[in-house]
file input.csv (CSV, C-alpha atoms)
chain,number,residue,atom,x,y,z
A,1,MET,CA,78.2,119.5,98.5
A,2,GLY,CA,75.2,117.2,98.5
A,3,LYS,CA,73.2,116.4,95.3
A,4,ASP,CA,70.4,118.8,94.4
A,5,LEU,CA,67.3,118.0,96.5
A,6,PHE,CA,63.8,119.4,95.9
A,7,LEU,CA,60.7,119.4,98.1
A,8,ASP,CA,59.5,116.1,96.7
A,9,ASP,CA,62.7,114.4,97.6
A,10,LEU,CA,62.4,115.1,101.3
A,11,VAL,CA,60.8,113.3,104.2
A,12,VAL,CA,60.2,114.3,107.8
A,13,GLY,CA,62.9,112.9,110.0
A,14,GLN,CA,65.6,113.2,107.3
A,15,THR,CA,68.7,114.3,109.0
A,16,TRP,CA,72.1,115.8,108.1
A,17,HIS,CA,75.2,116.1,110.3
A,18,GLY,CA,77.5,119.1,110.2
A,19,GLY,CA,80.7,120.3,111.7
A,20,PRO,CA,83.2,120.1,113.2
A,21,ILE,CA,83.2,123.8,113.9
A,22,GLU,CA,86.2,124.9,116.0
A,23,MET,CA,85.5,128.1,117.9
A,24,ARG,CA,88.9,129.7,118.3
A,25,GLU,CA,89.6,132.4,120.9
A,26,ALA,CA,91.0,134.9,118.4
A,27,ASP,CA,87.9,134.5,116.2
A,28,ILE,CA,85.6,134.9,119.1
A,29,ILE,CA,87.2,138.1,120.2
A,30,ARG,CA,87.5,139.5,116.7
A,31,PHE,CA,83.8,138.8,115.9
A,32,ALA,CA,82.7,140.4,119.2
A,33,GLN,CA,84.9,143.4,118.8
A,34,GLU,CA,83.0,144.2,115.6
A,35,PHE,CA,79.5,143.1,116.5
A,36,ASP,CA,79.0,142.4,120.2
A,37,PRO,CA,81.7,144.2,122.3
A,38,GLN,CA,80.6,143.2,125.7
A,39,PRO,CA,83.3,142.4,128.3
A,40,MET,CA,82.3,138.7,128.5
A,41,HIS,CA,83.1,138.4,124.7
A,42,VAL,CA,86.1,140.6,124.3
A,43,ASP,CA,87.9,141.3,127.6
A,44,LYS,CA,89.7,138.2,128.9
A,45,ALA,CA,90.5,139.7,132.3
A,46,GLU,CA,87.0,141.1,133.0
A,47,ALA,CA,85.4,137.9,131.6
A,48,ALA,CA,87.5,135.8,134.0
A,49,SER,CA,86.0,137.5,137.0
A,50,GLY,CA,82.5,137.6,135.5
A,51,ARG,CA,79.6,135.2,135.7
A,52,PHE,CA,80.9,132.9,133.0
A,53,GLY,CA,84.5,132.7,134.4
A,54,GLY,CA,86.1,133.4,131.0
A,55,ILE,CA,85.5,134.6,127.5
A,56,ILE,CA,82.4,133.2,125.8
A,57,ALA,CA,81.4,133.5,122.1
A,58,SER,CA,78.7,136.0,121.1
A,59,GLY,CA,75.5,134.0,120.3
A,60,TRP,CA,75.4,135.7,116.9
A,61,HIS,CA,78.9,134.4,116.2
A,62,VAL,CA,77.7,130.9,116.9
A,63,ALA,CA,74.7,131.4,114.6
A,64,ALA,CA,77.0,132.8,111.8
A,65,ALA,CA,79.4,129.9,112.2
A,66,LEU,CA,76.5,127.4,111.8
A,67,MET,CA,75.5,129.3,108.6
A,68,ARG,CA,79.0,128.8,107.2
A,69,ASP,CA,78.8,125.1,107.9
A,70,PHE,CA,75.4,125.0,106.2
A,71,VAL,CA,76.8,126.7,103.1
A,72,ASP,CA,79.9,124.3,103.1
A,73,LYS,CA,77.8,121.2,103.5
A,74,ALA,CA,75.1,122.3,101.1
A,75,PRO,CA,72.7,119.5,102.1
A,76,PHE,CA,70.3,120.5,99.2
A,77,GLY,CA,73.0,120.9,96.6
A,78,GLN,CA,72.5,123.9,94.4
A,79,THR,CA,68.7,124.0,94.7
A,80,PRO,CA,67.8,127.7,95.4
A,81,LEU,CA,66.6,128.1,99.0
A,82,LEU,CA,64.9,131.0,100.6
A,83,GLY,CA,65.2,131.3,104.4
A,84,LEU,CA,61.8,132.6,105.5
A,85,LYS,CA,61.9,132.6,109.3
A,86,VAL,CA,63.8,131.5,112.4
A,87,ASP,CA,61.9,130.5,115.6
A,88,ASP,CA,62.8,129.2,119.0
A,89,LEU,CA,66.4,130.3,118.7
A,90,GLN,CA,68.0,129.5,122.0
A,91,TRP,CA,71.5,129.8,123.3
A,92,ARG,CA,71.5,127.0,125.9
A,93,LYS,CA,75.0,126.8,127.0
A,94,ALA,CA,78.1,129.1,126.7
A,95,VAL,CA,80.5,128.4,123.9
A,96,ARG,CA,84.1,128.8,125.0
A,97,PRO,CA,87.4,129.2,123.2
A,98,GLY,CA,88.5,125.8,121.9
A,99,ASP,CA,85.0,124.3,121.8
A,100,VAL,CA,84.3,122.1,118.8
A,101,LEU,CA,80.7,122.1,117.7
A,102,SER,CA,78.8,119.4,115.8
A,103,VAL,CA,75.5,120.2,114.1
A,104,THR,CA,72.4,118.1,113.5
A,105,ARG,CA,69.8,119.4,111.0
A,106,GLU,CA,66.5,117.5,110.9
A,107,ILE,CA,63.4,118.0,108.8
A,108,VAL,CA,60.5,118.3,111.3
A,109,GLU,CA,57.8,119.4,108.9
A,110,ILE,CA,57.1,119.6,105.2
A,111,ALA,CA,54.3,121.8,103.8
A,112,PRO,CA,53.7,122.0,100.0
A,113,SER,CA,52.3,125.4,99.1
A,114,ARG,CA,48.5,125.5,98.6
A,115,SER,CA,48.6,128.5,96.3
A,116,LYS,CA,51.8,127.8,94.4
A,117,PRO,CA,52.1,124.2,93.2
A,118,ASP,CA,55.8,124.5,92.2
A,119,ARG,CA,57.1,125.0,95.7
A,120,GLY,CA,56.7,124.5,99.5
A,121,THR,CA,58.4,124.9,102.8
A,122,ILE,CA,60.2,122.7,105.2
A,123,SER,CA,60.9,123.3,108.9
A,124,MET,CA,64.3,122.2,110.0
A,125,ARG,CA,65.4,121.8,113.6
A,126,ILE,CA,69.1,122.8,113.9
A,127,THR,CA,70.9,121.7,117.0
A,128,ALA,CA,74.6,122.5,117.8
A,129,ALA,CA,76.4,120.6,120.5
A,130,ASN,CA,79.9,120.9,121.9
A,131,GLN,CA,82.6,118.3,122.3
A,132,ASP,CA,80.9,117.0,125.5
A,133,GLY,CA,77.6,116.5,123.8
A,134,ASP,CA,76.0,119.5,125.5
A,135,VAL,CA,73.5,121.4,123.3
A,136,VAL,CA,74.8,125.0,123.0
A,137,MET,CA,72.3,126.4,120.6
A,138,SER,CA,69.2,125.3,118.7
A,139,PHE,CA,66.6,126.8,116.4
A,140,LEU,CA,63.8,126.1,113.9
A,141,ASN,CA,64.4,127.3,110.4
A,142,LEU,CA,61.5,127.7,107.9
A,143,ILE,CA,62.9,127.3,104.4
A,144,GLN,CA,61.2,127.6,101.0
A,145,LEU,CA,62.4,125.4,98.2
A,146,PRO,CA,61.0,124.4,94.8
A,147,LYS,CA,59.5,121.1,93.7
A,148,ARG,CA,61.1,119.2,90.9
A,149,ARG,CA,60.0,120.5,87.6
A,150,PRO,CA,57.2,118.2,86.5
A,151,VAL,CA,57.6,116.3,83.3
A,152,PRO,CA,55.4,118.2,80.8
A,153,ALA,CA,52.1,116.5,80.3
A,154,PRO,CA,52.3,115.5,76.6
A,155,ILE,CA,55.6,113.9,77.1
A,156,ALA,CA,54.4,112.2,80.3
A,157,GLU,CA,51.5,110.8,78.4
A,158,ALA,CA,53.7,109.6,75.6
A,159,ALA,CA,56.0,107.9,78.1
A,160,ALA,CA,53.0,106.2,79.7
A,161,ALA,CA,51.8,104.9,76.3
A,162,HIS,CA,55.3,103.8,75.3
A,163,PRO,CA,57.2,102.8,78.4
A,164,PRO,CA,60.9,102.8,77.8
A,165,SER,CA,62.4,99.4,77.0
A,166,GLY,CA,63.6,97.6,80.0
A,167,SER,CA,60.9,98.9,82.4
B,1,MET,CA,74.6,154.6,127.1
B,2,GLY,CA,71.2,154.8,128.8
B,3,LYS,CA,70.8,154.8,132.6
B,4,ASP,CA,70.5,151.5,134.4
B,5,LEU,CA,67.0,150.1,134.0
B,6,PHE,CA,65.5,147.2,135.9
B,7,LEU,CA,62.4,145.1,135.4
B,8,ASP,CA,60.3,147.3,137.6
B,9,ASP,CA,61.3,150.4,135.6
B,10,LEU,CA,59.7,149.1,132.4
B,11,VAL,CA,56.3,149.3,130.8
B,12,VAL,CA,54.8,147.6,127.8
B,13,GLY,CA,55.0,150.0,124.9
B,14,GLN,CA,58.3,151.5,126.0
B,15,THR,CA,60.3,152.1,122.9
B,16,TRP,CA,63.9,152.9,121.9
B,17,HIS,CA,65.2,154.0,118.6
B,18,GLY,CA,68.6,152.8,117.3
B,19,GLY,CA,70.8,153.3,114.3
B,20,PRO,CA,71.8,154.6,111.9
B,21,ILE,CA,73.6,151.5,110.7
B,22,GLU,CA,75.3,151.9,107.4
B,23,MET,CA,75.7,148.6,105.5
B,24,ARG,CA,78.8,149.1,103.4
B,25,GLU,CA,79.6,146.8,100.5
B,26,ALA,CA,83.1,145.9,101.7
B,27,ASP,CA,81.7,144.9,105.1
B,28,ILE,CA,78.9,142.9,103.4
B,29,ILE,CA,81.3,141.0,101.3
B,30,ARG,CA,83.8,140.5,104.1
B,31,PHE,CA,81.2,139.1,106.5
B,32,ALA,CA,79.8,136.8,103.9
B,33,GLN,CA,83.2,135.5,102.8
B,34,GLU,CA,83.7,134.3,106.3
B,35,PHE,CA,80.2,133.2,107.3
B,36,ASP,CA,77.9,133.0,104.3
B,37,PRO,CA,79.8,132.6,101.1
B,38,GLN,CA,76.9,132.3,98.7
B,39,PRO,CA,77.2,134.1,95.3
B,40,MET,CA,74.5,136.6,96.1
B,41,HIS,CA,76.5,137.8,99.1
B,42,VAL,CA,80.1,137.7,97.8
B,43,ASP,CA,80.2,137.7,94.0
B,44,LYS,CA,79.2,141.0,92.4
B,45,ALA,CA,79.1,139.7,88.9
B,46,GLU,CA,77.1,136.6,89.7
B,47,ALA,CA,74.8,138.5,92.1
B,48,ALA,CA,74.1,141.1,89.3
B,49,SER,CA,72.6,138.4,87.1
B,50,GLY,CA,70.9,136.6,90.0
B,51,ARG,CA,67.4,136.9,91.5
B,52,PHE,CA,68.3,140.0,93.6
B,53,GLY,CA,70.0,141.9,90.8
B,54,GLY,CA,73.1,142.7,92.9
B,55,ILE,CA,74.9,141.9,96.1
B,56,ILE,CA,72.7,141.6,99.3
B,57,ALA,CA,73.8,141.2,102.9
B,58,SER,CA,73.7,137.9,104.7
B,59,GLY,CA,70.8,137.9,107.0
B,60,TRP,CA,73.1,137.0,109.9
B,61,HIS,CA,75.2,140.0,109.1
B,62,VAL,CA,72.1,142.2,109.5
B,63,ALA,CA,71.4,140.5,112.8
B,64,ALA,CA,75.0,141.0,114.0
B,65,ALA,CA,74.9,144.6,113.0
B,66,LEU,CA,71.7,145.1,115.1
B,67,MET,CA,73.4,143.5,118.0
B,68,ARG,CA,76.3,146.0,117.7
B,69,ASP,CA,73.8,148.9,117.7
B,70,PHE,CA,72.1,147.4,120.8
B,71,VAL,CA,75.5,147.2,122.7
B,72,ASP,CA,76.3,150.8,121.7
B,73,LYS,CA,72.9,152.2,122.7
B,74,ALA,CA,72.7,150.1,125.9
B,75,PRO,CA,69.1,150.9,126.5
B,76,PHE,CA,69.2,149.3,129.9
B,77,GLY,CA,72.5,150.8,130.9
B,78,GLN,CA,74.8,148.4,132.7
B,79,THR,CA,72.0,146.2,134.1
B,80,PRO,CA,73.1,142.6,133.4
B,81,LEU,CA,70.8,141.0,130.7
B,82,LEU,CA,70.4,137.5,129.6
B,83,GLY,CA,69.1,136.9,126.1
B,84,LEU,CA,67.0,133.7,126.4
B,85,LYS,CA,65.3,133.3,123.1
B,86,VAL,CA,64.6,134.7,119.7
B,87,ASP,CA,61.4,134.1,117.8
B,88,ASP,CA,59.8,135.1,114.6
B,89,LEU,CA,63.1,136.3,113.1
B,90,GLN,CA,62.2,137.3,109.6
B,91,TRP,CA,64.3,138.8,106.8
B,92,ARG,CA,61.6,140.7,105.0
B,93,LYS,CA,63.5,142.6,102.4
B,94,ALA,CA,67.0,142.4,100.9
B,95,VAL,CA,69.6,144.7,102.5
B,96,ARG,CA,71.9,146.2,99.8
B,97,PRO,CA,75.2,148.0,99.9
B,98,GLY,CA,74.7,151.6,101.0
B,99,ASP,CA,71.5,150.9,102.8
B,100,VAL,CA,71.2,152.8,106.1
B,101,LEU,CA,69.1,151.0,108.7
B,102,SER,CA,67.2,152.4,111.6
B,103,VAL,CA,66.0,150.2,114.5
B,104,THR,CA,62.9,150.3,116.7
B,105,ARG,CA,62.9,148.3,120.0
B,106,GLU,CA,59.6,148.0,121.8
B,107,ILE,CA,58.6,146.2,124.9
B,108,VAL,CA,55.6,144.0,124.1
B,109,GLU,CA,55.4,141.9,127.2
B,110,ILE,CA,56.7,142.0,130.8
B,111,ALA,CA,56.6,138.8,132.9
B,112,PRO,CA,57.9,138.8,136.5
B,113,SER,CA,59.3,135.4,137.4
B,114,ARG,CA,56.9,133.3,139.5
B,115,SER,CA,59.6,131.3,141.2
B,116,LYS,CA,62.3,133.9,141.5
B,117,PRO,CA,61.1,137.2,142.9
B,118,ASP,CA,64.3,139.1,142.1
B,119,ARG,CA,63.9,138.9,138.3
B,120,GLY,CA,61.7,138.5,135.3
B,121,THR,CA,61.6,138.6,131.5
B,122,ILE,CA,60.6,141.1,128.9
B,123,SER,CA,59.7,140.4,125.3
B,124,MET,CA,61.0,143.0,122.9
B,125,ARG,CA,60.0,143.4,119.3
B,126,ILE,CA,63.0,144.6,117.2
B,127,THR,CA,62.3,146.0,113.8
B,128,ALA,CA,64.9,147.3,111.4
B,129,ALA,CA,64.0,149.5,108.4
B,130,ASN,CA,66.0,150.9,105.5
B,131,GLN,CA,66.3,154.5,104.4
B,132,ASP,CA,63.0,154.2,102.5
B,133,GLY,CA,61.1,153.0,105.5
B,134,ASP,CA,60.8,149.4,104.3
B,135,VAL,CA,61.1,146.8,107.1
B,136,VAL,CA,64.1,144.6,106.3
B,137,MET,CA,64.2,142.4,109.4
B,138,SER,CA,62.3,141.9,112.6
B,139,PHE,CA,62.3,139.5,115.5
B,140,LEU,CA,61.1,139.0,119.1
B,141,ASN,CA,63.7,138.8,121.8
B,142,LEU,CA,63.0,137.3,125.2
B,143,ILE,CA,65.4,138.9,127.7
B,144,GLN,CA,65.8,138.2,131.4
B,145,LEU,CA,66.7,141.0,133.7
B,146,PRO,CA,66.8,141.7,137.4
B,147,LYS,CA,64.4,143.7,139.5
B,148,ARG,CA,65.7,146.6,141.5
B,149,ARG,CA,67.2,145.4,144.8
B,150,PRO,CA,64.5,146.2,147.3
B,151,VAL,CA,65.3,148.6,150.1
B,152,PRO,CA,65.8,146.3,153.2
B,153,ALA,CA,62.7,146.5,155.3
B,154,PRO,CA,64.2,148.1,158.5
B,155,ILE,CA,65.8,150.9,156.6
B,156,ALA,CA,62.6,151.5,154.6
B,157,GLU,CA,60.7,151.8,157.8
B,158,ALA,CA,63.3,154.2,159.2
B,159,ALA,CA,63.1,156.2,156.1
B,160,ALA,CA,59.3,156.4,156.3
B,161,ALA,CA,59.5,157.5,159.9
B,162,HIS,CA,62.2,160.1,159.2
B,163,PRO,CA,61.8,161.4,155.7
B,164,PRO,CA,64.9,163.1,154.4
B,165,SER,CA,64.9,166.8,154.8
B,166,GLY,CA,63.7,168.7,151.7
B,167,SER,CA,61.2,166.0,150.8
call {"tool": "encode", "arguments": {"input": "input.csv", "output": "structure tokens"}}
result
Amino acid sequence: MGKDLFLDDLVVGQTWHGGPIEMREADIIRFAQEFDPQPMHVDKAEAASGRFGGIIASGWHVAAALMRDFVDKAPFGQTPLLGLKVDDLQWRKAVRPGDVLSVTREIVEIAPSRSKPDRGTISMRITAANQDGDVVMSFLNLIQLPKRRPVPAPIAEAAAAHPPSGS
Amino acid sequence: MGKDLFLDDLVVGQTWHGGPIEMREADIIRFAQEFDPQPMHVDKAEAASGRFGGIIASGWHVAAALMRDFVDKAPFGQTPLLGLKVDDLQWRKAVRPGDVLSVTREIVEIAPSRSKPDRGTISMRITAANQDGDVVMSFLNLIQLPKRRPVPAPIAEAAAAHPPSGS
């Protein structure tokens, strides 16, 4: 887990790397049997003769696997986050059994709230690639997070009047 | 399952209704343990004292549950679809154990391909609401689907010259 990061700690271009995420065949089929039981996801024989030539993962499975990696890596530590929106979510290439995904998470925009001075939003571009470097999925995630709690004014003034020794 | 529908069968405003989708506590916890193990999704005690006052479903679980409903309802029958993009995916209200979701899927745009006359895209607005009518999640889904295979010209001419009896 990373250290706690707040809005004021972040800069555009700041990037984290995630993964590896191994997409196992049994997991792909199990997920799809529950949530996306189309032949290309659950039926090896039918998938083999279909347009992808074999089983591929449900796009929602890939999205969920990336969420798990985000929780494990916790790039913002324990800072409370609120996921507000996902845009431009694209599944660019099929994910197949045995694929191992890597993830890049980059801050592309930072917007302090105009009405609420204690918080703001960041936009992160999340990109997942397979072991060959092909991008398989990408999306933009709008996330709300707090600023650091400001030092209360009286204490801040006192600190300015009496800088700590050694400064 | 609905009957097979192609691009030329569709009109803007066409709407399908899905659900009911019951979000059971055991499923919510099990999904989140695998894909989104944050306390608000997996730890009843910690969730109770947290900002939502109890367990809530992972947003990706809700998305996956809607996918399952889409596969079950098959509004386009067996017509092969290609999900190209998701935009404006928002989790508007927490989904809690016992919530029963209904779904509305409405075509908001139809765009025949300019370069490939046999296909086109539709944009669907998907909205999920709970048993109180509160919208919990919504998104736009860009989907590619084929046009009906045109009747080959010579046969069409023959049919026009010799209408089937009874017409």
call {"tool": "closest_residue", "arguments": {"input": "input.csv", "among": "B:Lys93, B:Ile28, B:Gly120, B:Arg148", "to": "Phe52 (chain B)", "atoms": "only C-alpha atoms"}}
result
B:Lys93
call {"tool": "closest_residue", "arguments": {"input": "input.csv", "among": "A:Gln90, A:Ser49, A:Gln144, A:Thr104", "to": "chain B", "atoms": "only C-alpha atoms"}}
result
A:Gln90
call {"tool": "atom_distance", "arguments": {"input": "input.csv", "atom1": "CA of Glu109 (chain A)", "atom2": "CA of Glu22 (chain A)"}}
result
29.8 Å
call {"tool": "residues_around", "arguments": {"input": "input.csv", "residues": "Asp118 (chain A)", "least_positions_apart": "2", "cutoff": "6 Å", "atoms": "all atoms listed in the file", "output": "PyMOL selection string"}}
result
chain A and resi 116+146-147
call {"tool": "interface_residues", "arguments": {"input": "input.csv", "of": "chain B", "to": "chain A", "cutoff": "12 Å", "atoms": "all atoms listed in the file", "output": "PDB file with C-alpha atoms, in the coordinates of the input"}}
result
ATOM      1  CA  ILE B  21      73.600 151.500 110.700  1.00  0.00           C
ATOM      2  CA  ASP B  27      81.700 144.900 105.100  1.00  0.00           C
ATOM      3  CA  ARG B  30      83.800 140.500 104.100  1.00  0.00           C
ATOM      4  CA  PHE B  31      81.200 139.100 106.500  1.00  0.00           C
ATOM      5  CA  ALA B  32      79.800 136.800 103.900  1.00  0.00           C
ATOM      6  CA  GLN B  33      83.200 135.500 102.800  1.00  0.00           C
ATOM      7  CA  GLU B  34      83.700 134.300 106.300  1.00  0.00           C
ATOM      8  CA  PHE B  35      80.200 133.200 107.300  1.00  0.00           C
ATOM      9  CA  ASP B  36      77.900 133.000 104.300  1.00  0.00           C
ATOM     10  CA  PRO B  37      79.800 132.600 101.100  1.00  0.00           C
ATOM     11  CA  GLN B  38      76.900 132.300  98.700  1.00  0.00           C
ATOM     12  CA  PRO B  39      77.200 134.100  95.300  1.00  0.00           C
ATOM     13  CA  MET B  40      74.500 136.600  96.100  1.00  0.00           C
ATOM     14  CA  HIS B  41      76.500 137.800  99.100  1.00  0.00           C
ATOM     15  CA  GLY B  50      70.900 136.600  90.000  1.00  0.00           C
ATOM     16  CA  ARG B  51      67.400 136.900  91.500  1.00  0.00           C
ATOM     17  CA  PHE B  52      68.300 140.000  93.600  1.00  0.00           C
ATOM     18  CA  SER B  58      73.700 137.900 104.700  1.00  0.00           C
ATOM     19  CA  GLY B  59      70.800 137.900 107.000  1.00  0.00           C
ATOM     20  CA  TRP B  60      73.100 137.000 109.900  1.00  0.00           C
ATOM     21  CA  HIS B  61      75.200 140.000 109.100  1.00  0.00           C
ATOM     22  CA  VAL B  62      72.100 142.200 109.500  1.00  0.00           C
ATOM     23  CA  ALA B  63      71.400 140.500 112.800  1.00  0.00           C
ATOM     24  CA  ALA B  64      75.000 141.000 114.000  1.00  0.00           C
ATOM     25  CA  ALA B  65      74.900 144.600 113.000  1.00  0.00           C
ATOM     26  CA  LEU B  66      71.700 145.100 115.100  1.00  0.00           C
ATOM     27  CA  MET B  67      73.400 143.500 118.000  1.00  0.00           C
ATOM     28  CA  ARG B  68      76.300 146.000 117.700  1.00  0.00           C
ATOM     29  CA  ASP B  69      73.800 148.900 117.700  1.00  0.00           C
ATOM     30  CA  PHE B  70      72.100 147.400 120.800  1.00  0.00           C
ATOM     31  CA  VAL B  71      75.500 147.200 122.700  1.00  0.00           C
ATOM     32  CA  ASP B  72      76.300 150.800 121.700  1.00  0.00           C
ATOM     33  CA  LYS B  73      72.900 152.200 122.700  1.00  0.00           C
ATOM     34  CA  ALA B  74      72.700 150.100 125.900  1.00  0.00           C
ATOM     35  CA  GLN B  78      74.800 148.400 132.700  1.00  0.00           C
ATOM     36  CA  PRO B  80      73.100 142.600 133.400  1.00  0.00           C
ATOM     37  CA  LEU B  81      70.800 141.000 130.700  1.00  0.00           C
ATOM     38  CA  LEU B  82      70.400 137.500 129.600  1.00  0.00           C
ATOM     39  CA  GLY B  83      69.100 136.900 126.100  1.00  0.00           C
ATOM     40  CA  LEU B  84      67.000 133.700 126.400  1.00  0.00           C
ATOM     41  CA  LYS B  85      65.300 133.300 123.100  1.00  0.00           C
ATOM     42  CA  VAL B  86      64.600 134.700 119.700  1.00  0.00           C
ATOM     43  CA  ASP B  87      61.400 134.100 117.800  1.00  0.00           C
ATOM     44  CA  ASP B  88      59.800 135.100 114.600  1.00  0.00           C
ATOM     45  CA  LEU B  89      63.100 136.300 113.100  1.00  0.00           C
ATOM     46  CA  GLN B  90      62.200 137.300 109.600  1.00  0.00           C
ATOM     47  CA  TRP B  91      64.300 138.800 106.800  1.00  0.00           C
ATOM     48  CA  ARG B  92      61.600 140.700 105.000  1.00  0.00           C
ATOM     49  CA  LYS B  93      63.500 142.600 102.400  1.00  0.00           C
ATOM     50  CA  ALA B  94      67.000 142.400 100.900  1.00  0.00           C
ATOM     51  CA  MET B 137      64.200 142.400 109.400  1.00  0.00           C
ATOM     52  CA  SER B 138      62.300 141.900 112.600  1.00  0.00           C
ATOM     53  CA  PHE B 139      62.300 139.500 115.500  1.00  0.00           C
ATOM     54  CA  LEU B 140      61.100 139.000 119.100  1.00  0.00           C
ATOM     55  CA  ASN B 141      63.700 138.800 121.800  1.00  0.00           C
ATOM     56  CA  LEU B 142      63.000 137.300 125.200  1.00  0.00           C
ATOM     57  CA  ILE B 143      65.400 138.900 127.700  1.00  0.00           C
TER      58      ILE B 143
END
call {"tool": "atom_distance", "arguments": {"input": "input.csv", "atom1": "CA of Leu5 (chain B)", "atom2": "CA of Glu46 (chain A)"}}
result
22.0 Å
call {"tool": "atom_distance", "arguments": {"input": "input.csv", "atom1": "CA of Asp9 (chain B)", "atom2": "CA of Ala47 (chain A)"}}
result
27.4 Å
call {"tool": "residues_around", "arguments": {"input": "input.csv", "residues": "Leu101 (chain A)", "least_positions_apart": "6", "cutoff": "8 Å", "atoms": "all atoms listed in the file", "output": "compact mmCIF listing (two decimals) with C-alpha atoms, keeping the file's coordinate frame"}}
result
# COMPACT_ATOMS: atom_id res chain seq x y z
CA GLY A 19 80.70 120.30 111.70
CA PRO A 20 83.20 120.10 113.20
CA ILE A 21 83.20 123.80 113.90
CA GLU A 22 86.20 124.90 116.00
CA MET A 23 85.50 128.10 117.90
CA ALA A 128 74.60 122.50 117.80
CA ALA A 129 76.40 120.60 120.50
CA ASN A 130 79.90 120.90 121.90
CA GLN A 131 82.60 118.30 122.30
call {"tool": "residues_around", "arguments": {"input": "input.csv", "residues": "Arg105 (chain B)", "least_positions_apart": "6", "cutoff": "9 Å", "atoms": "only C-alpha atoms", "output": "short mmCIF file (atom, residue, chain, number, x, y, z; two decimals) with C-alpha atoms, in the frame of the given file"}}
result
data_model
loop_
_atom_site.label_atom_id
_atom_site.label_comp_id
_atom_site.auth_asym_id
_atom_site.auth_seq_id
_atom_site.Cartn_x
_atom_site.Cartn_y
_atom_site.Cartn_z
CA GLN B 14 58.30 151.50 126.00
CA THR B 15 60.30 152.10 122.90
CA TRP B 16 63.90 152.90 121.90
CA HIS B 17 65.20 154.00 118.60
CA GLY B 18 68.60 152.80 117.30
CA MET B 124 61.00 143.00 122.90
CA ARG B 125 60.00 143.40 119.30
CA ILE B 126 63.00 144.60 117.20
CA THR B 127 62.30 146.00 113.80
CA ALA B 128 64.90 147.30 111.40
#
call {"tool": "closest_residue", "arguments": {"input": "input.csv", "among": "A:Pro75, A:Val103, A:Ile29, A:Val136", "to": "Leu10 (chain A)", "atoms": "only C-alpha atoms"}}
result
A:Pro75
call {"tool": "decode", "arguments": {"input": "input.csv", "residues": "region 20-32 of chain B", "atoms": "N, CA and C atoms", "output": "PDB file, in the first residue's frame"}}
result
ATOM      1  N   PRO B  20     -36.229  -8.010 -12.776  1.00  0.00           N
ATOM      2  CA  PRO B  20     -35.596  -7.523 -11.547  1.00  0.00           C
ATOM      3  C   PRO B  20     -34.265  -8.226 -11.273  1.00  0.00           C
ATOM      4  N   ILE B  21     -33.328  -7.464 -10.702  1.00  0.00           N
ATOM      5  CA  ILE B  21     -32.021  -7.985 -10.299  1.00  0.00           C
ATOM      6  C   ILE B  21     -31.943  -7.842  -8.789  1.00  0.00           C
ATOM      7  N   GLU B  22     -31.930  -8.945  -8.092  1.00  0.00           N
ATOM      8  CA  GLU B  22     -31.847  -8.874  -6.633  1.00  0.00           C
ATOM      9  C   GLU B  22     -30.386  -8.921  -6.201  1.00  0.00           C
ATOM     10  N   MET B  23     -29.979  -7.923  -5.436  1.00  0.00           N
ATOM     11  CA  MET B  23     -28.593  -7.846  -4.972  1.00  0.00           C
ATOM     12  C   MET B  23     -28.517  -8.427  -3.555  1.00  0.00           C
ATOM     13  N   ARG B  24     -28.117  -9.687  -3.488  1.00  0.00           N
ATOM     14  CA  ARG B  24     -28.080 -10.365  -2.194  1.00  0.00           C
ATOM     15  C   ARG B  24     -26.779 -10.077  -1.452  1.00  0.00           C
ATOM     16  N   GLU B  25     -26.879 -10.011  -0.145  1.00  0.00           N
ATOM     17  CA  GLU B  25     -25.706  -9.674   0.663  1.00  0.00           C
ATOM     18  C   GLU B  25     -24.552 -10.649   0.428  1.00  0.00           C
ATOM     19  N   ALA B  26     -24.867 -11.939   0.404  1.00  0.00           N
ATOM     20  CA  ALA B  26     -23.789 -12.926   0.228  1.00  0.00           C
ATOM     21  C   ALA B  26     -23.076 -12.726  -1.112  1.00  0.00           C
ATOM     22  N   ASP B  27     -23.837 -12.393  -2.152  1.00  0.00           N
ATOM     23  CA  ASP B  27     -23.236 -12.162  -3.475  1.00  0.00           C
ATOM     24  C   ASP B  27     -22.384 -10.895  -3.473  1.00  0.00           C
ATOM     25  N   ILE B  28     -22.907  -9.860  -2.802  1.00  0.00           N
ATOM     26  CA  ILE B  28     -22.171  -8.590  -2.724  1.00  0.00           C
ATOM     27  C   ILE B  28     -20.813  -8.803  -2.065  1.00  0.00           C
ATOM     28  N   ILE B  29     -20.823  -9.533  -0.951  1.00  0.00           N
ATOM     29  CA  ILE B  29     -19.574  -9.761  -0.215  1.00  0.00           C
ATOM     30  C   ILE B  29     -18.634 -10.670  -1.021  1.00  0.00           C
ATOM     31  N   ARG B  30     -19.190 -11.708  -1.607  1.00  0.00           N
ATOM     32  CA  ARG B  30     -18.356 -12.648  -2.375  1.00  0.00           C
ATOM     33  C   ARG B  30     -17.708 -11.967  -3.577  1.00  0.00           C
ATOM     34  N   PHE B  31     -18.470 -11.172  -4.318  1.00  0.00           N
ATOM     35  CA  PHE B  31     -17.887 -10.453  -5.458  1.00  0.00           C
ATOM     36  C   PHE B  31     -16.757  -9.550  -4.973  1.00  0.00           C
ATOM     37  N   ALA B  32     -17.023  -8.799  -3.910  1.00  0.00           N
ATOM     38  CA  ALA B  32     -16.053  -7.812  -3.451  1.00  0.00           C
ATOM     39  C   ALA B  32     -14.814  -8.472  -2.846  1.00  0.00           C
TER      40      ALA B  32
END
